[in-house]
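Asker: I'm passing along run-v3.tsv; it holds TSV, C-alpha atoms.
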chain	number	residue	atom	x	y	z
A	22	MET	CA	52.90	199.50	96.12
A	23	THR	CA	49.68	200.93	97.51
A	24	VAL	CA	48.19	199.98	100.86
A	25	GLU	CA	46.03	196.85	101.01
A	26	VAL	CA	43.31	196.81	103.66
A	27	VAL	CA	41.88	193.47	104.77
A	28	THR	CA	38.49	193.69	106.48
A	29	LEU	CA	37.15	191.17	108.97
A	30	GLY	CA	33.81	191.46	110.75
A	31	CYS	CA	30.98	193.96	110.59
A	32	ARG	CA	29.72	196.64	108.23
A	33	LEU	CA	31.17	199.31	110.49
A	34	ASN	CA	34.57	197.75	109.92
A	35	ALA	CA	33.90	197.81	106.17
A	36	TYR	CA	33.23	201.54	106.37
A	37	GLN	CA	36.25	202.20	108.55
A	38	SER	CA	38.51	200.17	106.26
A	39	GLU	CA	37.79	202.67	103.50
A	40	ALA	CA	38.66	205.47	105.92
A	41	ILE	CA	41.88	203.64	106.82
A	42	ARG	CA	42.74	203.43	103.12
A	43	ALA	CA	42.19	207.18	102.75
A	44	ARG	CA	44.14	208.14	105.88
A	45	ALA	CA	47.06	205.87	104.95
A	46	ALA	CA	47.15	207.45	101.49
A	47	GLU	CA	47.24	210.92	103.07
A	48	ALA	CA	50.25	209.79	105.12
A	49	GLN	CA	51.89	208.39	101.93
A	50	LEU	CA	52.20	204.91	103.40
A	51	ARG	CA	53.42	202.39	100.84
A	52	ASP	CA	53.90	198.62	100.57
A	53	ALA	CA	51.83	197.81	103.64
A	54	VAL	CA	48.89	195.64	104.61
A	55	VAL	CA	46.45	196.85	107.28
A	56	ILE	CA	44.29	194.13	108.83
A	57	ASN	CA	41.11	195.49	110.41
A	58	THR	CA	40.21	192.73	112.87
A	59	CYS	CA	37.03	191.58	114.60
A	60	ALA	CA	36.66	190.40	118.21
A	61	VAL	CA	32.99	189.43	118.35
A	62	THR	CA	33.82	185.72	118.87
A	63	GLY	CA	36.84	183.63	119.73
A	64	LEU	CA	36.63	182.22	116.20
A	65	ALA	CA	36.91	185.72	114.75
A	66	VAL	CA	40.10	186.30	116.73
A	67	ARG	CA	41.59	183.00	115.56
A	68	GLN	CA	40.70	183.81	111.97
A	69	SER	CA	42.48	187.15	112.24
A	70	ARG	CA	45.69	185.43	113.38
A	71	GLN	CA	45.40	182.94	110.53
A	72	ALA	CA	44.93	185.79	108.06
A	73	ILE	CA	48.05	187.54	109.39
A	74	ARG	CA	50.20	184.43	108.96
A	75	LYS	CA	48.89	183.87	105.44
A	76	LEU	CA	49.56	187.48	104.47
A	77	ARG	CA	53.14	187.28	105.69
A	78	ARG	CA	53.67	184.25	103.46
A	79	THR	CA	52.15	185.96	100.42
A	80	ARG	CA	53.58	189.45	101.12
A	81	PRO	CA	56.96	188.73	102.78
A	82	ASN	CA	58.31	192.26	102.30
A	83	ALA	CA	55.21	194.27	103.19
A	84	ARG	CA	54.73	196.02	106.51
A	85	ILE	CA	51.85	194.35	108.35
A	86	ILE	CA	49.78	196.63	110.58
A	87	VAL	CA	47.04	195.10	112.76
A	88	THR	CA	44.12	197.15	114.04
A	89	GLY	CA	40.41	196.78	114.84
A	90	CYS	CA	38.57	195.39	117.84
A	91	ALA	CA	40.81	192.36	118.43
A	92	ALA	CA	43.89	194.59	118.33
A	93	GLN	CA	42.24	197.02	120.77
A	94	THR	CA	41.22	194.34	123.29
A	95	GLU	CA	44.39	192.23	123.20
A	96	PRO	CA	47.23	194.23	121.61
A	97	GLU	CA	50.00	192.19	123.23
A	98	THR	CA	48.74	189.04	121.47
A	99	TYR	CA	49.36	190.59	118.07
A	100	ALA	CA	52.55	192.43	119.01
A	101	ALA	CA	53.99	189.06	120.02
A	102	MET	CA	53.41	187.63	116.54
A	103	PRO	CA	56.64	187.76	114.49
A	104	GLU	CA	54.61	188.50	111.36
A	105	VAL	CA	53.28	191.80	112.79
A	106	ASP	CA	55.12	195.10	112.49
A	107	LEU	CA	52.71	197.42	114.30
A	108	VAL	CA	49.48	197.24	116.33
A	109	LEU	CA	47.10	200.23	116.18
A	110	GLY	CA	44.06	200.77	118.40
A	111	ASN	CA	40.58	201.59	117.18
A	112	GLY	CA	41.10	205.21	118.19
A	113	GLU	CA	44.37	205.46	116.28
A	114	LYS	CA	43.46	203.64	113.04
A	115	LEU	CA	41.37	206.54	111.69
A	116	LYS	CA	44.09	209.20	112.07
A	117	ALA	CA	46.52	209.97	109.25
A	118	ASP	CA	49.17	210.77	111.87
A	119	SER	CA	49.18	207.10	112.92
A	120	TYR	CA	50.57	206.14	109.49
A	121	ALA	CA	52.94	209.06	109.03
A	122	GLY	CA	56.64	208.22	109.04
A	123	LEU	CA	56.08	204.48	108.74
A	124	GLY	CA	58.04	204.22	105.53
A	125	GLU	CA	61.10	202.85	107.27
A	126	ARG	CA	61.00	199.52	109.05
A	127	THR	CA	63.30	200.92	111.77
A	128	HIS	CA	60.32	202.90	113.06
A	129	PHE	CA	58.42	199.70	113.76
A	130	ALA	CA	61.26	198.34	115.85
A	131	LEU	CA	60.95	201.35	118.16
A	132	GLN	CA	57.18	201.23	118.70
A	133	ARG	CA	55.25	198.00	118.20
A	134	ILE	CA	52.02	199.04	119.94
A	135	SER	CA	50.03	202.26	119.61
A	136	VAL	CA	46.79	201.55	121.50
A	137	ASN	CA	45.25	204.06	123.87
A	138	ASP	CA	42.29	203.82	126.28
A	139	ILE	CA	39.24	203.60	124.02
A	140	MET	CA	36.97	204.67	126.91
A	141	SER	CA	38.63	208.09	126.82
A	142	VAL	CA	37.29	208.76	123.31
A	143	ARG	CA	34.38	211.19	123.57
A	144	GLU	CA	33.30	211.75	119.97
A	145	THR	CA	33.04	210.01	116.63
A	146	VAL	CA	34.57	212.18	113.94
A	147	PRO	CA	33.03	211.93	110.43
A	148	GLN	CA	35.52	210.32	108.05
A	149	MET	CA	34.24	211.68	104.73
A	150	VAL	CA	34.81	208.43	102.86
A	151	GLU	CA	34.67	209.04	99.12
A	152	SER	CA	34.37	205.53	97.68
A	153	PHE	CA	33.99	201.86	98.56
A	154	ASP	CA	36.18	199.26	96.93
A	155	SER	CA	34.13	196.53	95.23
A	156	HIS	CA	30.85	197.79	96.70
A	157	THR	CA	27.79	199.08	94.89
A	158	ARG	CA	26.14	200.42	98.03
A	159	ALA	CA	27.89	202.80	100.39
A	160	PHE	CA	28.20	202.43	104.15
A	161	LEU	CA	27.93	205.51	106.36
A	162	GLN	CA	29.01	205.46	109.99
A	163	VAL	CA	26.64	207.48	112.16
A	164	GLN	CA	27.45	206.00	115.58
A	165	ASN	CA	30.20	204.07	117.35
A	166	GLY	CA	30.61	202.36	120.70
A	167	CYS	CA	28.04	201.01	123.16
A	168	ASP	CA	26.90	202.02	126.65
A	169	HIS	CA	25.40	198.61	127.41
A	170	ARG	CA	27.28	195.72	128.96
A	171	CYS	CA	25.76	192.47	127.71
A	172	THR	CA	27.37	189.64	129.61
A	173	PHE	CA	28.69	187.87	126.49
A	174	CYS	CA	30.07	190.92	124.66
A	175	ILE	CA	33.64	192.22	124.48
A	176	ILE	CA	32.86	194.88	121.86
A	177	PRO	CA	32.34	197.88	124.22
A	178	TYR	CA	35.95	197.36	125.33
A	179	GLY	CA	37.03	197.47	121.70
A	180	ARG	CA	34.84	200.36	120.61
A	181	GLY	CA	34.31	202.45	123.75
A	182	ASN	CA	31.15	204.17	124.93
A	183	SER	CA	28.35	205.23	122.58
A	184	ARG	CA	28.93	208.42	120.61
A	185	SER	CA	27.11	209.82	117.59
A	186	VAL	CA	28.11	211.78	114.52
A	187	GLY	CA	26.23	215.09	114.27
A	188	MET	CA	23.19	215.14	111.98
A	189	GLY	CA	24.58	217.87	109.76
A	190	GLU	CA	27.79	215.94	109.17
A	191	VAL	CA	25.87	212.74	108.39
A	192	VAL	CA	23.66	214.54	105.89
A	193	ALA	CA	26.69	216.15	104.24
A	194	GLU	CA	28.37	212.76	103.80
A	195	ALA	CA	25.15	211.18	102.53
A	196	ARG	CA	24.84	213.96	99.96
A	197	ARG	CA	28.45	213.53	98.85
A	198	LEU	CA	28.09	209.74	98.49
A	199	THR	CA	24.89	210.20	96.47
A	200	GLU	CA	26.67	212.67	94.20
A	201	LYS	CA	29.38	210.03	93.71
A	202	GLY	CA	26.71	207.77	92.19
A	203	TYR	CA	25.76	205.46	95.06
A	204	ALA	CA	22.08	204.59	94.78
A	205	GLU	CA	21.92	202.99	98.23
A	206	ILE	CA	23.42	204.03	101.56
A	207	VAL	CA	23.49	201.78	104.64
A	208	LEU	CA	23.63	203.53	108.02
A	209	THR	CA	26.03	201.69	110.32
A	210	GLY	CA	27.02	201.72	113.97
A	211	VAL	CA	27.73	199.44	116.90
A	212	ASP	CA	24.42	200.26	118.63
A	213	LEU	CA	22.60	202.05	115.82
A	214	THR	CA	19.29	202.65	117.62
A	215	SER	CA	21.11	204.53	120.41
A	216	TYR	CA	21.97	207.21	117.86
A	217	GLY	CA	21.56	210.73	119.22
A	218	SER	CA	21.45	209.94	122.94
A	219	ASP	CA	24.69	211.91	123.42
A	220	LEU	CA	23.72	214.80	121.15
A	221	PRO	CA	21.84	217.97	122.15
A	222	GLY	CA	18.21	218.46	121.17
A	223	GLN	CA	15.80	215.83	119.89
A	224	ALA	CA	18.30	213.70	117.97
A	225	SER	CA	17.28	210.10	117.37
A	226	LEU	CA	17.72	207.49	114.67
A	227	GLY	CA	14.22	208.21	113.36
A	228	ALA	CA	14.91	211.95	113.20
A	229	LEU	CA	18.19	211.28	111.38
A	230	VAL	CA	16.47	209.03	108.82
A	231	GLN	CA	13.84	211.67	108.12
A	232	LYS	CA	16.43	214.42	107.77
A	233	ILE	CA	18.57	212.42	105.31
A	234	LEU	CA	15.58	211.55	103.14
A	235	LYS	CA	14.33	215.14	103.19
A	236	LEU	CA	17.65	216.89	102.54
A	237	VAL	CA	19.11	214.35	100.08
A	238	PRO	CA	16.14	213.81	97.73
A	239	GLU	CA	18.42	212.31	95.05
A	240	LEU	CA	19.20	209.31	97.28
A	241	LYS	CA	17.21	206.37	95.97
A	242	ARG	CA	17.60	203.94	98.87
A	243	LEU	CA	18.40	204.20	102.55
A	244	ARG	CA	18.97	201.00	104.51
A	245	LEU	CA	19.57	200.38	108.22
A	246	SER	CA	22.00	197.88	109.69
A	247	SER	CA	21.39	195.96	112.93
A	248	LEU	CA	18.69	197.36	115.24
A	249	ASP	CA	17.71	196.95	118.87
A	250	SER	CA	13.92	196.62	118.63
A	251	ILE	CA	13.30	198.02	122.12
A	252	GLU	CA	14.99	201.30	121.10
A	253	ALA	CA	13.03	201.95	117.90
A	254	ASP	CA	11.67	205.46	118.44
A	255	PRO	CA	8.20	206.67	117.26
A	256	ILE	CA	9.73	208.87	114.55
A	257	LEU	CA	11.53	205.84	113.12
A	258	MET	CA	8.28	203.87	113.08
A	259	ARG	CA	6.58	206.71	111.20
A	260	ALA	CA	9.44	206.75	108.72
A	261	ILE	CA	9.07	203.00	108.19
A	262	ALA	CA	5.38	203.53	107.46
A	263	LYS	CA	5.67	206.51	105.12
A	264	GLU	CA	9.13	206.60	103.53
A	265	GLU	CA	9.28	204.23	100.56
A	266	ARG	CA	12.99	205.01	100.13
A	267	LEU	CA	13.66	203.47	103.55
A	268	MET	CA	14.21	199.83	102.67
A	269	PRO	CA	11.83	197.29	104.29
A	270	HIS	CA	14.52	194.92	105.58
A	271	PHE	CA	15.30	194.96	109.29
A	272	HIS	CA	18.04	193.02	111.06
A	273	LEU	CA	17.48	192.67	114.79
A	274	SER	CA	19.92	192.08	117.62
A	275	ALA	CA	17.63	189.42	119.09
A	276	GLN	CA	20.27	186.97	120.45
A	277	SER	CA	17.75	184.55	122.03
A	278	GLY	CA	14.06	183.69	122.19
A	279	ASP	CA	14.08	182.71	125.85
A	280	ASP	CA	13.36	185.36	128.49
A	281	LEU	CA	15.59	183.87	131.20
A	282	ILE	CA	18.54	183.59	128.82
A	283	LEU	CA	17.94	187.18	127.67
A	284	LYS	CA	18.02	188.24	131.32
A	285	ARG	CA	21.29	186.36	131.89
A	286	MET	CA	22.67	188.00	128.76
A	287	LYS	CA	21.68	191.35	130.33
A	288	ARG	CA	19.70	192.26	127.24
A	289	ARG	CA	17.15	195.07	127.54
A	290	HIS	CA	14.36	193.37	125.60
A	291	ALA	CA	12.15	190.35	126.16
A	292	ARG	CA	11.01	187.78	123.63
A	293	ALA	CA	7.66	189.57	123.30
A	294	ASP	CA	9.41	192.80	122.29
A	295	THR	CA	10.97	191.15	119.25
A	296	VAL	CA	7.64	189.66	118.18
A	297	ARG	CA	5.81	192.94	118.78
A	298	PHE	CA	8.30	194.96	116.71
A	299	CYS	CA	8.07	192.57	113.77
A	300	ASN	CA	4.27	192.55	113.88
A	301	ASP	CA	4.12	196.34	114.15
A	302	VAL	CA	6.43	196.80	111.19
A	303	ARG	CA	4.49	194.29	109.09
A	304	ARG	CA	1.32	196.27	109.69
A	305	LEU	CA	3.12	199.37	108.44
A	306	ARG	CA	5.06	197.69	105.61
A	307	PRO	CA	3.53	194.30	104.70
A	308	GLU	CA	6.47	193.49	102.39
A	309	ALA	CA	9.04	193.82	105.18
A	310	ALA	CA	11.56	191.04	105.80
A	311	PHE	CA	13.39	190.36	109.05
A	312	GLY	CA	16.75	188.94	110.00
A	313	ALA	CA	18.42	188.52	113.38
A	314	ASP	CA	21.61	187.87	115.28
A	315	LEU	CA	21.20	184.74	117.41
A	316	ILE	CA	23.55	183.09	119.89
A	317	ALA	CA	23.36	179.30	120.23
A	318	GLY	CA	24.44	177.51	123.36
A	319	PHE	CA	24.68	180.41	125.80
A	320	PRO	CA	25.71	179.22	129.29
A	321	THR	CA	22.85	177.49	131.16
A	322	GLU	CA	20.72	177.24	127.99
A	323	SER	CA	18.58	174.12	128.34
A	324	GLU	CA	17.00	172.24	125.45
A	325	ALA	CA	13.65	173.88	126.26
A	326	MET	CA	15.27	177.32	126.22
A	327	PHE	CA	16.83	176.58	122.86
A	328	GLN	CA	13.46	175.47	121.52
A	329	ASN	CA	12.12	178.90	122.51
A	330	THR	CA	14.67	180.46	120.15
A	331	LEU	CA	13.66	178.10	117.35
A	332	SER	CA	10.00	178.95	117.86
A	333	LEU	CA	10.80	182.69	117.96
A	334	MET	CA	11.91	182.39	114.35
A	335	ASP	CA	8.41	181.24	113.40
A	336	GLU	CA	6.56	183.67	115.64
A	337	ALA	CA	8.54	186.74	114.53
A	338	GLY	CA	9.21	185.55	110.97
A	339	LEU	CA	13.01	185.71	111.25
A	340	CYS	CA	14.71	184.12	108.26
A	341	PHE	CA	17.97	185.90	107.40
A	342	LEU	CA	20.20	184.90	110.31
A	343	HIS	CA	23.65	185.62	111.67
A	344	VAL	CA	24.15	182.69	114.04
A	345	PHE	CA	27.00	182.55	116.55
A	346	PRO	CA	27.82	179.42	118.55
A	347	PHE	CA	28.58	180.80	122.01
A	348	SER	CA	32.28	181.16	122.72
A	349	PRO	CA	33.45	182.61	126.05
A	350	ARG	CA	35.30	185.91	125.72
A	351	LYS	CA	37.89	186.49	128.42
A	352	GLY	CA	36.89	189.33	130.72
A	353	THR	CA	33.13	188.97	130.21
A	354	PRO	CA	30.67	187.74	132.89
A	355	ALA	CA	29.35	184.99	130.60
A	356	ALA	CA	32.81	183.40	130.50
A	357	ARG	CA	32.45	182.72	134.24
A	358	MET	CA	28.99	181.14	133.94
A	359	PRO	CA	28.44	177.35	133.78
A	360	GLN	CA	29.28	176.36	130.21
A	361	LEU	CA	27.46	173.78	128.11
A	362	LYS	CA	29.14	170.55	127.02
A	363	PRO	CA	31.62	170.98	124.15
A	364	GLY	CA	29.93	170.66	120.79
A	365	VAL	CA	26.44	171.63	121.99
A	366	PRO	CA	26.65	175.30	120.90
A	367	LYS	CA	27.93	174.25	117.47
A	368	ASP	CA	25.17	171.64	117.04
A	369	ARG	CA	22.46	174.11	118.06
A	370	ALA	CA	23.91	176.75	115.75
A	371	ALA	CA	23.65	174.29	112.86
A	372	LEU	CA	19.97	173.71	113.64
A	373	LEU	CA	19.28	177.45	113.70
A	374	ARG	CA	21.07	177.97	110.39
A	375	ALA	CA	19.21	175.10	108.75
A	376	LYS	CA	15.84	176.42	109.91
A	377	GLY	CA	16.79	179.93	108.81
A	378	ALA	CA	17.82	178.70	105.36
A	379	ALA	CA	14.51	176.85	104.94
A	380	MET	CA	12.53	179.90	106.02
A	381	GLU	CA	14.51	182.12	103.65
A	382	GLN	CA	13.77	179.80	100.75
A	383	ALA	CA	10.08	179.90	101.65
A	384	ARG	CA	10.19	183.70	101.71
A	385	LEU	CA	11.86	183.86	98.31
A	386	ALA	CA	9.22	181.53	96.86
A	387	THR	CA	6.50	184.03	97.78
A	388	LEU	CA	8.21	186.65	95.59
A	389	VAL	CA	8.24	184.59	92.39
A	390	GLY	CA	5.96	186.21	89.84
A	391	GLN	CA	6.26	189.67	91.34
A	392	THR	CA	8.07	192.70	89.88
A	393	LYS	CA	10.64	194.39	92.11
A	394	ASP	CA	13.30	197.07	91.77
A	395	VAL	CA	16.73	195.41	91.97
A	396	LEU	CA	19.99	197.21	92.71
A	397	VAL	CA	22.45	195.69	90.23
A	398	GLU	CA	25.70	194.54	91.85
A	399	LYS	CA	28.69	192.60	90.56
A	400	ASP	CA	28.50	189.41	88.50
A	401	GLY	CA	24.94	190.09	87.38
A	402	LYS	CA	23.50	189.79	90.87
A	403	GLY	CA	21.54	192.20	93.04
A	404	HIS	CA	19.04	192.68	95.84
A	405	THR	CA	15.41	193.75	96.07
A	406	PRO	CA	14.32	196.40	98.61
A	407	CYS	CA	13.61	193.64	101.18
A	408	TYR	CA	17.13	192.30	100.51
A	409	ALA	CA	16.11	189.19	98.61
A	410	PRO	CA	19.09	188.07	96.47
A	411	VAL	CA	18.51	188.06	92.71
A	412	ARG	CA	20.49	186.60	89.82
A	413	LEU	CA	19.72	188.68	86.75
A	414	GLN	CA	19.18	187.07	83.38
A	415	THR	CA	19.27	190.47	81.70
A	416	ALA	CA	22.47	192.43	81.15
A	417	ALA	CA	22.42	195.61	83.26
A	418	GLU	CA	24.92	198.22	84.33
A	419	ARG	CA	26.29	197.80	87.80
A	420	GLY	CA	24.88	200.38	90.22
A	421	MET	CA	21.60	200.94	88.40
A	422	ILE	CA	18.19	200.05	89.81
A	423	LEU	CA	16.44	197.72	87.38
A	424	LYS	CA	12.71	196.98	87.41
A	425	THR	CA	12.82	193.21	87.42
A	426	ARG	CA	10.29	190.44	86.88
A	427	LEU	CA	11.07	187.58	89.27
A	428	THR	CA	10.54	184.39	87.31
A	429	GLY	CA	11.90	181.55	89.42
A	430	MET	CA	14.49	180.33	91.93
A	431	ALA	CA	17.82	178.52	91.73
A	432	ASP	CA	20.72	177.95	94.13
A	433	GLY	CA	19.39	180.30	96.78
A	434	PHE	CA	18.67	183.15	94.36
A	435	LEU	CA	15.58	184.52	92.73
A	436	LEU	CA	15.89	184.64	88.96
A	437	GLY	CA	14.89	187.86	87.26
A	438	SER	CA	14.65	189.60	83.90
A	439	ALA	CA	14.00	193.22	83.00
A	440	ALA	CA	10.30	193.95	83.26
Could I get this file's structure written as structure tokens?

Answerer:
Amino acid sequence: MTVEVVTLGCRLNAYQSEAIRARAAEAQLRDAVVINTCAVTGLAVRQSRQAIRKLRRTRPNARIIVTGCAAQTEPETYAAMPEVDLVLGNGEKLKADSYAGLGERTHFALQRISVNDIMSVRETVPQMVESFDSHTRAFLQVQNGCDHRCTFCIIPYGRGNSRSVGMGEVVAEARRLTEKGYAEIVLTGVDLTSYGSDLPGQASLGALVQKILKLVPELKRLRLSSLDSIEADPILMRAIAKEERLMPHFHLSAQSGDDLILKRMKRRHARADTVRFCNDVRRLRPEAAFGADLIAGFPTESEAMFQNTLSLMDEAGLCFLHVFPFSPRKGTPAARMPQLKPGVPKDRAALLRAKGAAMEQARLATLVGQTKDVLVEKDGKGHTPCYAPVRLQTAAERGMILKTRLTGMADGFLLGSAA
């Protein structure tokens, strides 16, 4: 049987799971399941353990290999699970050699953990991923790791320090993916806006965007994953203004709307920076839509501080949210701060999600009656350039971009027919 790869967590993991699939195939690994875990929250870690136990029940004879951020940060936890055959670190999971010779279970008995010091990794090697299982758009890793140490975040210890893929290699992979038929490419990384800080010359995310769009003219859509607004360089802002193929949907790593909480999180931006970025982008691209990562119930967050986050959503126009109830991660400074009463982070997260859902519905309503280009995905669904979800009432080939008249709304989707 071929290798099954189970992906938990972020878009970068989705990209790397395809690389894992390719490297495992090169090593001729068979009858195995690789679980690419996430460590962003305590819930994510628990879900990975649940997934491992379920897979052992459904695939009793398969080799189970655990990798990803949770495996990197706490390998002994997974090695101690009887369901697990091997634990691979984030540095090892993208190497074909890590999967070579794993055909015999006796090998697993000799070495249960292969996890090295992620801080010793000095470069991010391009993976040359050829395809994406069940995806219409392609992900392209351009950066990995993070040099910042936010007090709540364990991810730098799972990913290492920031390192960028060279511009030429990124462009070559973008060209190859476009030739494979992908109409949209999403640039991914752990700290995407830090791209280029470790490269010689004038490398930056904005310069990379411009180079891709110039040198891969066949690419129809380029989209960015999560951004740090304070790091948006002038070239990127010019690209937002002038490059129609750069999609007008921006997801911000905002985390909070209260300046004192942002300071205690050790974030580099203030509330005003988030608002300013959104307003600046709207002046350049009036159709732009904004999402954000937000943490509810950070230690010491008062009710007034939480209200500042709720009001930030209105002031900045944030509607597509990834909300995380705060959960202390062992080894981080925030885990040692005074915690809120149990249940408060979850309750506040629910309020943020409800407000975000209402704002998203209001945004979708403003699009009814307009005509937009929709990238057709599976099950007759798709997304507009500003990432509004559309349910198509016209048959269309998956992967094509269909000019669509948006006629109404239902169940959280815009309804559309060919214009």

Asker: Output as CSV one row per residue of range 64-89 of chain A within 6 Å of range 55-59 of chain A: the closest atom pair and its distance in Å to one decimal place, counting only C-alpha atoms, sorted by chain and residue number ascending.

Answerer:
residue,atom,partner,partner_atom,distance
A:Ala65,CA,A:Cys59,CA,5.9
A:Ile86,CA,A:Val55,CA,4.7
A:Val87,CA,A:Ile56,CA,4.9
A:Thr88,CA,A:Asn57,CA,5.0
A:Gly89,CA,A:Thr58,CA,4.5

Asker: Between A:Val397, A:Ala117, A:Leu243, A:Val192, which one has atoms that come closest to Arg44 in chain A, using all atoms listed in the file?

Answerer: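 Checking each candidate against Arg44 in chain A, we get A:Ala117 as the closest.
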
Asker: Padding of 8 Å on every side, edges along x, y and z, all listed atoms of range 93-110 of chain A included: what centre and edge lengths in Å, to one decimal, does that box have, as JSON?

Answerer:
{"center_x": 48.9, "center_y": 194.2, "center_z": 117.3, "size_x": 31.4, "size_y": 29.1, "size_z": 27.9}

Asker: Provide the CA of Glu252 in chain A to CA of His343 in chain A distance in Å, to one decimal place.

Answerer: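 A separation of 20.2 Å between them.
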
Asker: So that I can check the surroundings of Thr321 in chain A, please list as a list of chain:residue names every protein, DNA and RNA residue that reaches within 8 Å of it, counting all atoms listed in the file and ignoring chain neighbours fewer than 2 positions away.

Answerer: A:Ile282, A:Gly318, A:Phe319, A:Ser323, A:Met358, A:Pro359, A:Gln360, A:Leu361

Asker: Could you save the residues just selected, with C-alpha atoms, as a PDB file, keeping the file's coordinate frame?

Answerer:
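Dumped to result32.pdb:
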ATOM      1  CA  ILE A 282      18.540 183.590 128.820  1.00  0.00           C
ATOM      2  CA  GLY A 318      24.440 177.510 123.360  1.00  0.00           C
ATOM      3  CA  PHE A 319      24.680 180.410 125.800  1.00  0.00           C
ATOM      4  CA  SER A 323      18.580 174.120 128.340  1.00  0.00           C
ATOM      5  CA  MET A 358      28.990 181.140 133.940  1.00  0.00           C
ATOM      6  CA  PRO A 359      28.440 177.350 133.780  1.00  0.00           C
ATOM      7  CA  GLN A 360      29.280 176.360 130.210  1.00  0.00           C
ATOM      8  CA  LEU A 361      27.460 173.780 128.110  1.00  0.00           C
TER       9      LEU A 361
END

Asker: Find the residues around Ala313 in chain A up to 10 Å (all atoms listed in the file counted), leave out those fewer than 6 positions away in its own chain, and share them as number ranges by chain.

Answerer: A: 247-248, 271-277, 295, 334, 338-344, 377

Asker: From the set A:Val230, A:Val186, A:Val365, A:Ala371, which residue has the shortest atom-to-atom contact distance to Pro320 in chain A, counting all atoms listed in the file?

Answerer: A:Val365

Asker: Tell me, as a list in words, which residues lie within 8 Å of Ala355 in chain A, counting all atoms listed in the file; anything in the same chain fewer than 3 positions away does not count.

Answerer: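 Here the answer would be Thr172, Phe173, Met286, Pro320, Pro349, Arg350 and Met358 of chain A.
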
Asker: Could you save the residues just selected, with C-alpha atoms, as an mmCIF file, keeping the file's coordinate frame?

Answerer:
data_model
loop_
_atom_site.group_PDB
_atom_site.id
_atom_site.type_symbol
_atom_site.label_atom_id
_atom_site.label_comp_id
_atom_site.auth_asym_id
_atom_site.auth_seq_id
_atom_site.Cartn_x
_atom_site.Cartn_y
_atom_site.Cartn_z
ATOM 1 C CA THR A 172 27.370 189.640 129.610
ATOM 2 C CA PHE A 173 28.690 187.870 126.490
ATOM 3 C CA MET A 286 22.670 188.000 128.760
ATOM 4 C CA PRO A 320 25.710 179.220 129.290
ATOM 5 C CA PRO A 349 33.450 182.610 126.050
ATOM 6 C CA ARG A 350 35.300 185.910 125.720
ATOM 7 C CA MET A 358 28.990 181.140 133.940
#

Asker: Using only C-alpha atoms, what residues lie at most 9 Å away from (25.1, 206.6, 95.9) (file coordinates), given as a VMD selection string?

Answerer: chain A and resid 157 to 159 195 to 206 239 to 242 420

Asker: CA of Arg244 in chain A and CA of Gly390 in chain A are how many Å apart?

Answerer: 24.6 Å

Asker: Excluding Ala370 in chain A and residues on its chain fewer than 6 positions from it, collect all residues at most 7 Å away from it, counting all atoms listed in the file, and give them as a ChimeraX atom specification.

Answerer: /A:317,344-346

Asker: Take CA of Leu76 in chain A and CA of Asp118 in chain A and report the distance between them in Å, one decimal.

Answerer: 24.4 Å

Asker: So which residues are close to (14.8, 192.6, 101.5), meaning at most 10 Å away in the file's coordinates with only C-alpha atoms counted, and can you show them as a list of chain:residue names?

Answerer: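 Result, sorted by chain then residue number: A:Arg244, A:Met268, A:Pro269, A:His270, A:Phe271, A:Glu308, A:Ala309, A:Ala310, A:Phe311, A:Gly312, A:Phe341, A:Leu385, A:His404, A:Thr405, A:Pro406, A:Cys407, A:Tyr408, A:Ala409, A:Pro410.
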
Asker: Near Lys402 in chain A, within 7 Å and counting all atoms listed in the file, which residues show up once chain neighbours fewer than 3 positions away are dropped, as a compact mmCIF listing (two decimals) with C-alpha atoms, keeping the file's coordinate frame?

Answerer:
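The result, written out as around-v2.txt:
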# COMPACT_ATOMS: atom_id res chain seq x y z
CA VAL A 397 22.45 195.69 90.23
CA GLU A 398 25.70 194.54 91.85
CA LYS A 399 28.69 192.60 90.56
CA VAL A 411 18.51 188.06 92.71
CA ARG A 412 20.49 186.60 89.82
CA LEU A 413 19.72 188.68 86.75

Asker: Pick from A:Arg74, A:Lys376, A:Arg80, A:Lys116: nearest to Arg42 in chain A, with all atoms listed in the file counted?

Answerer: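 Going through A:Arg74, A:Lys376, A:Arg80, A:Lys116 one by one, the smallest distance to Arg42 in chain A is for A:Lys116.
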
Asker: Which residue is closest to Thr94 in chain A? Choose from A:Asn137, A:Gln391, A:Ser225, A:Gln231 and count only C-alpha atoms.

Answerer: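 Checking each candidate against Thr94 in chain A, we get A:Asn137 as the closest.
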
Asker: Measuring atom to atom with all atoms listed in the file, identify which of A:Arg357, A:Lys75, A:Arg266, A:Arg170 is nearest to Arg289 in chain A.

Answerer: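 Smallest distance to Arg289 in chain A is found for A:Arg170.
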